[in-house]
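Shown next, in structure tokens, is the structure this report addresses.
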Amino acid sequence: MREISYAEAVAEALSEAMENDPRVCLLGSYFFGLSPRRVLMDELKEKFGPSRIQDTPISEIGIAGIGTGAAMAGLRPIVDIATASFIFQAWPQVVNEAANAFYMSGGQTRVPVIFHILHGLRGGGAAQHSHSPQAMLWNAPGLQIMLPTSPADAKGLLRTAIHSDNPTVFVDHSLLFEVKGPVPDGDYRVPFGQGDVKRVGSDVTLVATSYMVQRSLQVAAKLSAEGIQVEVVDPRTLVPLDKETILASVAKTGRVVVVDECHRSCGVAAEISAIIAEEGFSSLKKPIKRVTRADVPVPFSRVLENAIAPTEDKIEAAVRSLVS
Amino acid sequence: MREISYAEAVAEALSEAMENDPRVCLLGSYFFGLSPRRVLMDELKEKFGPSRIQDTPISEIGIAGIGTGAAMAGLRPIVDIATASFIFQAWPQVVNEAANAFYMSGGQTRVPVIFHILHGLRGGGAAQHSHSPQAMLWNAPGLQIMLPTSPADAKGLLRTAIHSDNPTVFVDHSLLFEVKGPVPDGDYRVPFGQGDVKRVGSDVTLVATSYMVQRSLQVAAKLSAEGIQVEVVDPRTLVPLDKETILASVAKTGRVVVVDECHRSCGVAAEISAIIAEEGFSSLKKPIKRVTRADVPVPFSRVLENAIAPTEDKIEAAVRSLVS
Amino acid sequence: MLPNLPRDEIKDIFRRCLLIRRFEESLIGLHREGGSFGHFHVYIGEEVTGAVAMRMLQPDDKAFTTHRNHGHLLARGADPGRLLAEIMGKATGYNKGKGGTLHALPGELGFLQTSAVVGGVIPLAAGAAYASKQMKKDFVSICLFGDGALEEGAAPETFNIAALWSLPVIFLCENNSLGLGERKSSDYSGSTNAARHLNELVTPYGIPSRVIDGTDAAAVHQAMSEALNRARAGKGPAFIEAQTYRWAGSKPLWPDLLTGITDLTMAWDKGKIPQEHRQWHEKQDPVLRISREILEAGHLSREQILELDSEVRSEIGKGVLFAKESPLPDPQSAFENIFA
Amino acid sequence: MLPNLPRDEIKDIFRRCLLIRRFEESLIGLHREGGSFGHFHVYIGEEVTGAVAMRMLQPDDKAFTTHRNHGHLLARGADPGRLLAEIMGKATGYNKGKGGTLHALPGELGFLQTSAVVGGVIPLAAGAAYASKQMKKDFVSICLFGDGALEEGAAPETFNIAALWSLPVIFLCENNSLGLGERKSSDYSGSTNAARHLNELVTPYGIPSRVIDGTDAAAVHQAMSEALNRARAGKGPAFIEAQTYRWAGSKPLWPDLLTGITDLTMAWDKGKIPQEHRQWHEKQDPVLRISREILEAGHLSREQILELDSEVRSEIGKGVLFAKESPLPDPQSAFENIFA
Ligand SMILES: Cc1ncc(C[n+]2csc(CCOP(=O)(O)OP(=O)(O)O)c2C)c(N)n1
Ligand SMILES: Cc1ncc(C[n+]2csc(CCOP(=O)(O)OP(=O)(O)O)c2C)c(N)n1
Ligand SMILES: [Mg+2]
Ligand SMILES: [Mg+2]
């Protein structure tokens, strides 16, 4: 199979979708942030022109609402919010209009819109540019949430999202752009609600999302050399969530660490932990550990950012604490 | 001690604070929503006039920001958002300006502002007027969160909030307004971060917040007749959280149900459950149960609203499932 | 004034006005009887705006409305029974009881969202217009909202974009704050805007605007014609401010039939107008106004007016019966329709 | 033109301009050398606006600024060393390394928030003005923001309220989009506004406005005087749009010293001006412009200008040294200052 980067896989999915369906279009074009990969967006713009890839004013609530309303009327827009922190500006449209429309209309209004956000600690983003709002979004029913971690997942999940009639948040992370991996040819899709065991192991389960999957794989590789076999479970989508894959892994290992980049309280790790504490309790041999961003606004200086981040060191320590 | 209603206790706290400190003022005046208790606000307006109780345009982000900026400059404003769902309009100011200011300034800018919101299922509020955003707010470090459940707590916590130099969200519930109880005289305060055991019991711990404390007390009274002794723990503030009181109760009972009105995923109950699964694991005899609002946008019709709500029936069933 | 339209069309407009008025009156009555259907808002006092404007839309035009939607839905042809059933939370309602008054949505009539968030529909409506443009369709999008929505930042953000992208959207702002001062106490809110003329808020963006008397059918027709022509010709958005007086029965809590069940004979028999609310009955009530105009123009006689009214009343009566007899939804249906 | 001020004050303005320019040049240099301090924005091209405006404030006036804050902070007296230390994430920085370039805040100088959220400071600044009014104080509040912030809904919401409540706030919008078209590709954004004249966005609210050349010291001084007088007299808000050309070195990624280290002799020796960026050096660069004006007015000689410059450079040099030698914060300090 071809090996390409995550960023290329995303760009391919966008390009193919726009070729195949004139209703697919982009509102906002900082998909690859200010990373070197933004040349991929320049290429797409070259190819599709401004009528399909529309630059916008700095008006997140306006643009998110326009994308949502356009979806209601039959378009299939992808709204690029870029830095995840600014989806807060669009919050009323995302969580109170897009998320509710299908339900509160009694199943009449479909909202095939995608909101794309770049979340997480990116080094120097400081307090106002580093949010991971996926936990808050998960608390707003009616939104699908995808967080791919490999090139193949990114392309396959994005395809599923584009064909879905529901609003989807594409929770992306710029530190994944350069991750390389095999990507199948053809119109494959990765279904929502199907987790993926990214590494098999028997001693401890690491449930991780987004960029934390990469960190967890590093830790697993390191500990494997010492004979600690870590299983890395990547849910890939939060809504819908594949509880079965998570619980099956916990049933096998009896030990679990949940790793996630949201702030700790009411973060993604809290939900996964609570599910296990309720539905997987009988297989647990040890307390459920969480490794998350601390409940601290993100400081600017790298040494400080590191101190509050879910780093490999902290993941490793958590795993060790369960097997010692 | 005097017995007064929750709404009266809140009104007293506001009135006394405005009398004692000219810097205390209100932006927005739907504190008691459209409930009959809104006459209390009319009385306050009579007493203090429009210079202290300022009506506002329908501009939540503007008003929340003005309250925040005023606090930075030395005022002690109470911003009344009224229906909690509309704090989403103010989200960028609340979670990205007010919450971060003290930290990101390295401890320079203090933000003694209070945001008041009326959360929860109120019967017929439907999808867009029924939010309980306290979980999302808990995921935004830098905000204090208080959720009183009795007249004495309401007055005492509000006093603490007014004297605090930190931004505080007063998570209020209109179904509490008529709750009556004793309220001490004088300038007592209820400290933040000190939970309260609202009923002592030995068999099962119910950790509940806001209006769910009232429901839990009903269930506890009922089950007590059958010999099931339920302990009801009310954290009273989420930030800071009194983990000790929760964990001590769990250590005693070994069985716990967390009850909360947020949507389930990444809700307040998820966090409390995750804390217990990590720090109270060794005392657990049974899985940790959650009774929450389901992950469904709130439907209008009462029969439907009831189906997704954390009702007394569901709380009772959860408790029973742990003792059978 | 009446628009220059054939008698049948005038009659149709009038019929829609009556339908709305009688619907709202019945609703208030039902609530009095003890119906529990949450906080609701009525369209009394604004009937002419909705009745004239909505019937000018083509079937595939898209519409977005707010908490004060009953009149818009009925004017575009919503079934009073199904609407009432929705307001009463019944399974037969347009939204299967999931929306209620705040979100009632007859999707088959081209309504895409009824949002109770002030300002919520403004970007959405521009979005539907964007879809029309992108998909090279002919439909236009109409956004119905109150004066209060202009206090929300979502409004100007959208005006800017709609203007930049020349979107085929009509912003129909129903300013029902006439006769009110600034918002008082815990009263129902009136416009709290530093702008003396609300329409000037769109002027800097180059969006053309009209300020009209929302009880003047000819003015509504004229302003809508211009806006629709403009939108269909690809010339971009337009803004209409339709001014109406705030009906005395709009209370912060529940609407109250302070002006009584409308007595159409007041249109020709001034002696019937009581001293209380005289202004309303003589000048502000759009239903009485259009009745007088129709009489004067000779389109309908007094008897014909009363006959039409009794037809409408019996239609509403049937709707009330339908709604009352409709079943509540199955509680399990609460878990359906979360995702498509 | 120069404002009609004593020589000392003109010299002081000039000094602040130079301080800002040399600071930003050094910063770009440090970044080139491999300093890792996150994405930053420089104030090159806008020095005159900040230098003139900020020194007109009283000590207890409150100020709010954005991602493009360095010039504002330095103009009001920030210590270059501590500012640079903050940008480098050092413990000695104004925010103890917690803010960085995006949030650098010398609180002791009356800055209350440096927000990197576009539009974020607009309500905050109005809030400080509200506090002044409520507490019957004399201080005014100044809100510094870019043209892009006018695309955010928080701006008009605030304009409305500031006007309604007559708040003593000055909205100083630095429009640095001159010479740019609409936002291009993944380029750094320029104003994307349907309003031809940005100041007209505040007109409907009754807020007076001035559009000025932000490189014209006299114009800045005049507009600020008016606005300050108005605010202090309790007459409410004012809006100033200070227009400047976008400096060529403003890149989407990192600023790039495309126009070179500023050579002040170009102010009097046209021959030194290279062909590339000729427009900049001849017309747009506010530092060269004010140098020429000062020379012409006879306030300083060429030599005095160069001497002042070298004083400034050595001050910046000391700051650089201070910042470089400062320690990184203790990692544990990340857990301090969450709450007061
Ligand atoms: C964002 C938001 N803030 C506040 C409210 C509460 N609210 C409901 S209706 C209303 C007044 C709306 O006035 P207007 O838009 O003029 O509509 P009208 O009711 O006058 O037709 C308010 C403030 C809301 N629904 N949404
Ligand atoms: C709410 C929000 N949306 C988007 C961004 C990303 N962003 C950072 S600076 C900028 C451009 C700001 O332009 P302007 O306000 O004119 O300031 P300038 O940089 O030109 O001085 C953008 C879009 C942001 N910081 N905040
Ligand atoms: Mg109105
Ligand atoms: Mg700019």
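Simple scheme: letters A, B, ... for chains in structure tokens order, numbers from 1 for residues in each chain, numbers from 1 for ligands in the order shown.
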Legend entry - Protein and nucleic acid residues within 9 Å of ligand 2 (only C-alpha atoms and all ligand atoms) as a PyMOL selection string: (chain A and resi 57-60+81-83+85-89+128-129) or (chain B and resi 92) or (chain D and resi 41-43+66-69+115-120+145-152+173-177+188-191+246+250)
Inset, instruction - Would you list, as a PyMOL selection string, the residues of segment 94-229 of chain B that end up in strand (DSSP E) under DSSP run on this structure's backbone? - result: chain B and resi 114-118+144-146+168-172+180-183+196-199+204-208
Just the selected residues (N, CA and C atoms), exported as an mmCIF file, in the first residue's frame, please.
```
data_model
loop_
_atom_site.group_PDB
_atom_site.id
_atom_site.type_symbol
_atom_site.label_atom_id
_atom_site.label_comp_id
_atom_site.auth_asym_id
_atom_site.auth_seq_id
_atom_site.Cartn_x
_atom_site.Cartn_y
_atom_site.Cartn_z
ATOM 1 N N ILE B 114 -19.063 37.737 38.843
ATOM 2 C CA ILE B 114 -19.925 36.566 39.024
ATOM 3 C C ILE B 114 -20.836 36.463 37.819
ATOM 4 N N PHE B 115 -20.901 35.286 37.227
ATOM 5 C CA PHE B 115 -21.878 35.030 36.172
ATOM 6 C C PHE B 115 -22.985 34.177 36.767
ATOM 7 N N HIS B 116 -24.198 34.627 36.625
ATOM 8 C CA HIS B 116 -25.333 33.889 37.179
ATOM 9 C C HIS B 116 -26.115 33.227 36.052
ATOM 10 N N ILE B 117 -26.353 31.934 36.177
ATOM 11 C CA ILE B 117 -27.116 31.220 35.143
ATOM 12 C C ILE B 117 -28.164 30.323 35.786
ATOM 13 N N LEU B 118 -29.310 30.223 35.120
ATOM 14 C CA LEU B 118 -30.384 29.327 35.542
ATOM 15 C C LEU B 118 -30.358 28.101 34.642
ATOM 16 N N GLN B 144 -14.392 29.578 39.225
ATOM 17 C CA GLN B 144 -14.986 28.920 40.379
ATOM 18 C C GLN B 144 -16.437 28.594 40.037
ATOM 19 N N ILE B 145 -16.929 27.491 40.549
ATOM 20 C CA ILE B 145 -18.309 27.113 40.238
ATOM 21 C C ILE B 145 -19.038 26.761 41.527
ATOM 22 N N MET B 146 -20.119 27.473 41.798
ATOM 23 C CA MET B 146 -20.932 27.177 42.980
ATOM 24 C C MET B 146 -22.331 26.756 42.543
ATOM 25 N N THR B 168 -16.491 33.694 39.244
ATOM 26 C CA THR B 168 -17.302 32.606 39.781
ATOM 27 C C THR B 168 -18.557 32.455 38.938
ATOM 28 N N VAL B 169 -18.901 31.223 38.630
ATOM 29 C CA VAL B 169 -20.190 30.998 38.001
ATOM 30 C C VAL B 169 -21.158 30.496 39.066
ATOM 31 N N PHE B 170 -22.247 31.198 39.196
ATOM 32 C CA PHE B 170 -23.316 30.835 40.129
ATOM 33 C C PHE B 170 -24.318 30.027 39.311
ATOM 34 N N VAL B 171 -24.252 28.708 39.475
ATOM 35 C CA VAL B 171 -25.112 27.803 38.721
ATOM 36 C C VAL B 171 -26.383 27.599 39.538
ATOM 37 N N ASP B 172 -27.444 28.193 39.072
ATOM 38 C CA ASP B 172 -28.674 28.293 39.842
ATOM 39 C C ASP B 172 -29.768 27.464 39.156
ATOM 40 N N LYS B 180 -37.485 25.837 51.232
ATOM 41 C CA LYS B 180 -37.379 26.630 52.467
ATOM 42 C C LYS B 180 -36.366 26.006 53.422
ATOM 43 N N GLY B 181 -35.778 26.852 54.250
ATOM 44 C CA GLY B 181 -34.837 26.324 55.215
ATOM 45 C C GLY B 181 -34.348 27.411 56.140
ATOM 46 N N PRO B 182 -33.667 27.020 57.221
ATOM 47 C CA PRO B 182 -33.153 27.982 58.184
ATOM 48 C C PRO B 182 -31.962 28.740 57.593
ATOM 49 N N VAL B 183 -31.898 30.009 57.891
ATOM 50 C CA VAL B 183 -30.778 30.824 57.415
ATOM 51 C C VAL B 183 -30.244 31.616 58.601
ATOM 52 N N ASP B 196 -20.964 19.140 51.738
ATOM 53 C CA ASP B 196 -21.873 19.032 52.867
ATOM 54 C C ASP B 196 -22.621 17.705 52.758
ATOM 55 N N VAL B 197 -22.599 16.955 53.855
ATOM 56 C CA VAL B 197 -23.377 15.720 53.860
ATOM 57 C C VAL B 197 -24.806 16.110 54.223
ATOM 58 N N LYS B 198 -25.677 16.079 53.226
ATOM 59 C CA LYS B 198 -27.030 16.588 53.451
ATOM 60 C C LYS B 198 -27.911 15.546 54.156
ATOM 61 N N ARG B 199 -27.488 14.307 54.111
ATOM 62 C CA ARG B 199 -28.169 13.266 54.880
ATOM 63 C C ARG B 199 -27.152 12.169 55.144
ATOM 64 N N VAL B 204 -25.425 3.344 50.912
ATOM 65 C CA VAL B 204 -25.094 3.829 49.568
ATOM 66 C C VAL B 204 -24.844 5.324 49.642
ATOM 67 N N THR B 205 -23.852 5.783 48.892
ATOM 68 C CA THR B 205 -23.599 7.219 48.788
ATOM 69 C C THR B 205 -24.250 7.757 47.526
ATOM 70 N N LEU B 206 -25.033 8.812 47.668
ATOM 71 C CA LEU B 206 -25.534 9.555 46.514
ATOM 72 C C LEU B 206 -24.775 10.872 46.461
ATOM 73 N N VAL B 207 -23.959 11.058 45.442
ATOM 74 C CA VAL B 207 -23.323 12.366 45.256
ATOM 75 C C VAL B 207 -24.180 13.116 44.256
ATOM 76 N N ALA B 208 -24.710 14.251 44.662
ATOM 77 C CA ALA B 208 -25.632 14.976 43.792
ATOM 78 C C ALA B 208 -25.324 16.459 43.847
#
```
Legend entry - Proximal residues of chain C relative to chain A (only C-alpha atoms; 6 Å) as a list of chain:residue names: C:Asn95, C:Lys96, C:Lys98, C:Gly99, C:Pro123, C:Leu124, C:Ala125, C:Ala126, C:Gly127, C:Ala128, C:Ala131, C:Ala154, C:Glu157, C:Thr158, C:Asn337, C:Ile338
Inset, instruction - Would you mind listing what lies within 6 Å of segment 306-309 of chain A as a VMD selection string, with only C-alpha atoms counted and same-chain residues fewer than 3 positions away left out? - result: (chain A and resid 293 to 294 302 to 303) or (chain D and resid 331)
Legend entry - Selected residue of minimal separation from Ile161 of chain D among D:Ala129, D:Leu109, D:Leu144, D:Ala227, counting only C-alpha atoms: D:Ala129
Inset, instruction - Would you mind telling me which residue in D:Asp216, D:Glu336, D:Glu200, D:Glu311 lies nearest to chain C when using only C-alpha atoms? - result: D:Glu200
Inset, instruction - Select all residues from chain B having any atom no more than 6 Å from an atom of chain A (counting only C-alpha atoms, ignoring ligands), output as a ChimeraX atom specification. - result: /B:88-89,91-92,96,128,135-136,139,141,263,265-267,270-271,273-274,277-278,281,287-289,295-297
Keeping only N, CA and C atoms, write the selected residues as a compact mmCIF listing (two decimals), in the first residue's frame.
```
# COMPACT_ATOMS: atom_id res chain seq x y z
N PHE B 88 -23.72 30.42 26.29
CA PHE B 88 -22.97 30.01 25.09
C PHE B 88 -22.63 31.21 24.23
N GLN B 89 -23.55 32.18 24.17
CA GLN B 89 -23.27 33.40 23.41
C GLN B 89 -22.05 34.12 24.00
N TRP B 91 -19.60 32.61 25.61
CA TRP B 91 -18.56 31.61 25.86
C TRP B 91 -17.13 32.14 25.72
N PRO B 92 -16.82 32.86 24.62
CA PRO B 92 -15.44 33.32 24.48
C PRO B 92 -15.01 34.24 25.61
N ASN B 96 -12.54 32.10 27.78
CA ASN B 96 -11.24 32.44 27.18
C ASN B 96 -10.70 33.79 27.63
N GLN B 128 -33.36 24.22 23.27
CA GLN B 128 -32.47 25.39 23.28
C GLN B 128 -32.49 26.21 24.57
N ALA B 135 -20.72 21.33 33.38
CA ALA B 135 -19.62 20.42 33.04
C ALA B 135 -18.66 21.09 32.07
N MET B 136 -19.22 21.75 31.08
CA MET B 136 -18.36 22.48 30.13
C MET B 136 -17.55 23.54 30.86
N ASN B 139 -14.66 22.24 32.74
CA ASN B 139 -13.56 21.90 31.85
C ASN B 139 -12.73 23.14 31.44
N PRO B 141 -10.53 25.69 33.18
CA PRO B 141 -9.92 26.08 34.46
C PRO B 141 -9.84 27.59 34.61
N HIS B 263 -25.99 16.68 30.47
CA HIS B 263 -25.95 15.54 29.56
C HIS B 263 -24.87 14.59 30.06
N SER B 265 -22.47 12.41 28.74
CA SER B 265 -21.06 12.28 28.33
C SER B 265 -20.26 13.52 28.73
N CYS B 266 -19.20 13.27 29.48
CA CYS B 266 -18.35 14.34 29.99
C CYS B 266 -19.11 15.29 30.90
N GLY B 267 -20.14 14.80 31.54
CA GLY B 267 -20.89 15.62 32.48
C GLY B 267 -20.21 15.67 33.84
N ALA B 270 -19.62 12.32 35.32
CA ALA B 270 -18.46 11.61 34.78
C ALA B 270 -17.21 11.95 35.57
N GLU B 271 -17.03 13.23 35.86
CA GLU B 271 -15.83 13.64 36.58
C GLU B 271 -15.81 13.05 37.99
N SER B 273 -17.34 10.47 39.08
CA SER B 273 -17.12 9.03 38.96
C SER B 273 -15.64 8.72 38.70
N ALA B 274 -15.04 9.46 37.81
CA ALA B 274 -13.63 9.20 37.47
C ALA B 274 -12.72 9.44 38.67
N ALA B 277 -13.16 6.45 40.85
CA ALA B 277 -12.56 5.26 40.25
C ALA B 277 -11.04 5.28 40.37
N GLU B 278 -10.49 6.46 40.50
CA GLU B 278 -9.04 6.56 40.64
C GLU B 278 -8.62 6.59 42.11
N PHE B 281 -10.97 3.73 44.65
CA PHE B 281 -11.19 2.41 44.06
C PHE B 281 -11.21 1.29 45.09
N PRO B 287 -19.95 -1.41 41.04
CA PRO B 287 -19.67 -0.41 40.00
C PRO B 287 -20.23 0.96 40.40
N ILE B 288 -19.63 2.01 39.86
CA ILE B 288 -20.12 3.36 40.12
C ILE B 288 -21.24 3.65 39.12
N LYS B 289 -22.38 3.99 39.64
CA LYS B 289 -23.53 4.27 38.78
C LYS B 289 -23.67 5.76 38.56
N ASP B 295 -27.97 11.49 26.76
CA ASP B 295 -27.31 12.22 25.68
C ASP B 295 -28.27 12.47 24.52
N VAL B 296 -29.25 13.26 24.81
CA VAL B 296 -30.32 13.55 23.84
C VAL B 296 -30.63 15.04 23.97
N PRO B 297 -30.78 15.75 22.86
CA PRO B 297 -31.23 17.14 22.99
C PRO B 297 -32.56 17.13 23.74
```
Inset, instruction - Just list the residues in segment 143-264 of chain B DSSP gives alpha helix (DSSP H) on the backbone, as a PyMOL selection string. - result: chain B and resi 151-163+211-225+243-253
Could you build a table of the residues in chain C lying no more than 9 Å from chain D, giving for each the nearest pair of atoms and their separation in Å rounded to one decimal place, using only C-alpha atoms, ordered by chain and ascending residue number, as a tab-separated table?
```
residue	atom	partner	partner_atom	distance
C:Leu150	CA	D:Glu157	CA	8.9
C:Glu151	CA	D:Glu157	CA	6.2
C:Glu152	CA	D:Glu157	CA	6.3
C:Gly153	CA	D:Gly153	CA	3.6
C:Ala154	CA	D:Gly153	CA	5.6
C:Ala155	CA	D:Gly153	CA	7.5
C:Pro156	CA	D:Gly153	CA	6.3
C:Glu157	CA	D:Gly153	CA	5.6
C:Thr158	CA	D:Gly153	CA	9.0
C:Phe159	CA	D:Ala194	CA	8.7
C:Asn160	CA	D:Ala194	CA	5.6
C:Ile161	CA	D:Ala194	CA	7.4
C:Ala162	CA	D:Ala194	CA	8.9
C:Ala163	CA	D:Ala194	CA	6.1
C:Leu164	CA	D:Ala194	CA	5.3
C:Thr192	CA	D:Leu164	CA	8.3
C:Asn193	CA	D:Asn160	CA	6.3
C:Ala194	CA	D:Tyr205	CA	4.9
C:Ala195	CA	D:Tyr205	CA	4.5
C:Arg196	CA	D:Pro204	CA	7.4
C:His197	CA	D:Pro204	CA	7.6
C:Leu198	CA	D:Pro204	CA	8.1
C:Asn199	CA	D:Pro204	CA	9.0
C:Glu200	CA	D:Pro204	CA	5.8
C:Leu201	CA	D:Pro204	CA	5.9
C:Val202	CA	D:Leu201	CA	8.9
C:Thr203	CA	D:Ala195	CA	8.6
C:Pro204	CA	D:Ala195	CA	5.2
C:Tyr205	CA	D:Ala195	CA	4.5
C:Gly206	CA	D:Ala195	CA	6.8
```
Exercise: segment 150-162 of chain B partners within 6 Å, only C-alpha atoms, chain neighbours under 2 positions left out, as a compact mmCIF listing (two decimals) with N, CA and C atoms, in the first residue's frame:
```txt
# COMPACT_ATOMS: atom_id res chain seq x y z
N SER B 5 -37.19 31.24 52.11
CA SER B 5 -37.04 30.47 50.87
C SER B 5 -35.67 30.74 50.26
N TYR B 6 -35.27 29.83 49.43
CA TYR B 6 -34.01 29.95 48.67
C TYR B 6 -33.97 31.28 47.92
N ALA B 9 -33.36 34.09 50.21
CA ALA B 9 -31.97 34.09 50.68
C ALA B 9 -31.05 34.71 49.65
N VAL B 10 -31.28 34.37 48.38
CA VAL B 10 -30.46 34.95 47.31
C VAL B 10 -30.69 36.46 47.25
N ALA B 13 -28.91 38.19 50.04
CA ALA B 13 -27.45 38.27 49.83
C ALA B 13 -27.14 39.40 48.85
N PRO B 148 -25.52 26.11 44.85
CA PRO B 148 -26.16 25.93 46.14
C PRO B 148 -27.47 25.16 46.01
N SER B 164 -14.84 37.14 46.71
CA SER B 164 -13.69 36.49 46.06
C SER B 164 -13.12 37.38 44.96
N GLY B 181 -35.78 26.85 54.25
CA GLY B 181 -34.84 26.32 55.22
C GLY B 181 -34.35 27.41 56.14
N VAL B 183 -31.90 30.01 57.89
CA VAL B 183 -30.78 30.82 57.41
C VAL B 183 -30.24 31.62 58.60
N ARG B 189 -20.44 33.13 56.12
CA ARG B 189 -20.14 32.73 54.75
C ARG B 189 -19.98 31.22 54.69
N VAL B 190 -20.33 30.65 53.57
CA VAL B 190 -20.05 29.23 53.35
C VAL B 190 -18.80 29.16 52.48
```
Inset, instruction - Excluding Met88 of chain D and residues on its chain fewer than 6 positions from it, collect all residues at most 8 Å away from it, counting only C-alpha atoms, and give them as an MDAnalysis selection string. - result: (chainID A and resid 301) or (chainID D and resid 35:37 97 100 323)
Inset, instruction - Please provide the set of residues having any atom within 9 Å of Val230 of chain A, restricted to only C-alpha atoms, with same-chain residues fewer than 6 positions apart removed, written as a PyMOL selection string. - result: chain A and resi 199-206+216-217+219-221+223-224+253+319
Legend entry - Shell around segment 301-304 of chain C at 9 Å using only C-alpha atoms, local window under 5 positions removed, as a VMD selection string: chain C and resid 265 268 291 294 to 295 309
Legend entry - Distance of atom CA of Gly33 of chain A from atom CA of Ala7 of chain A, expressed in Å to one decimal place: 11.0 Å
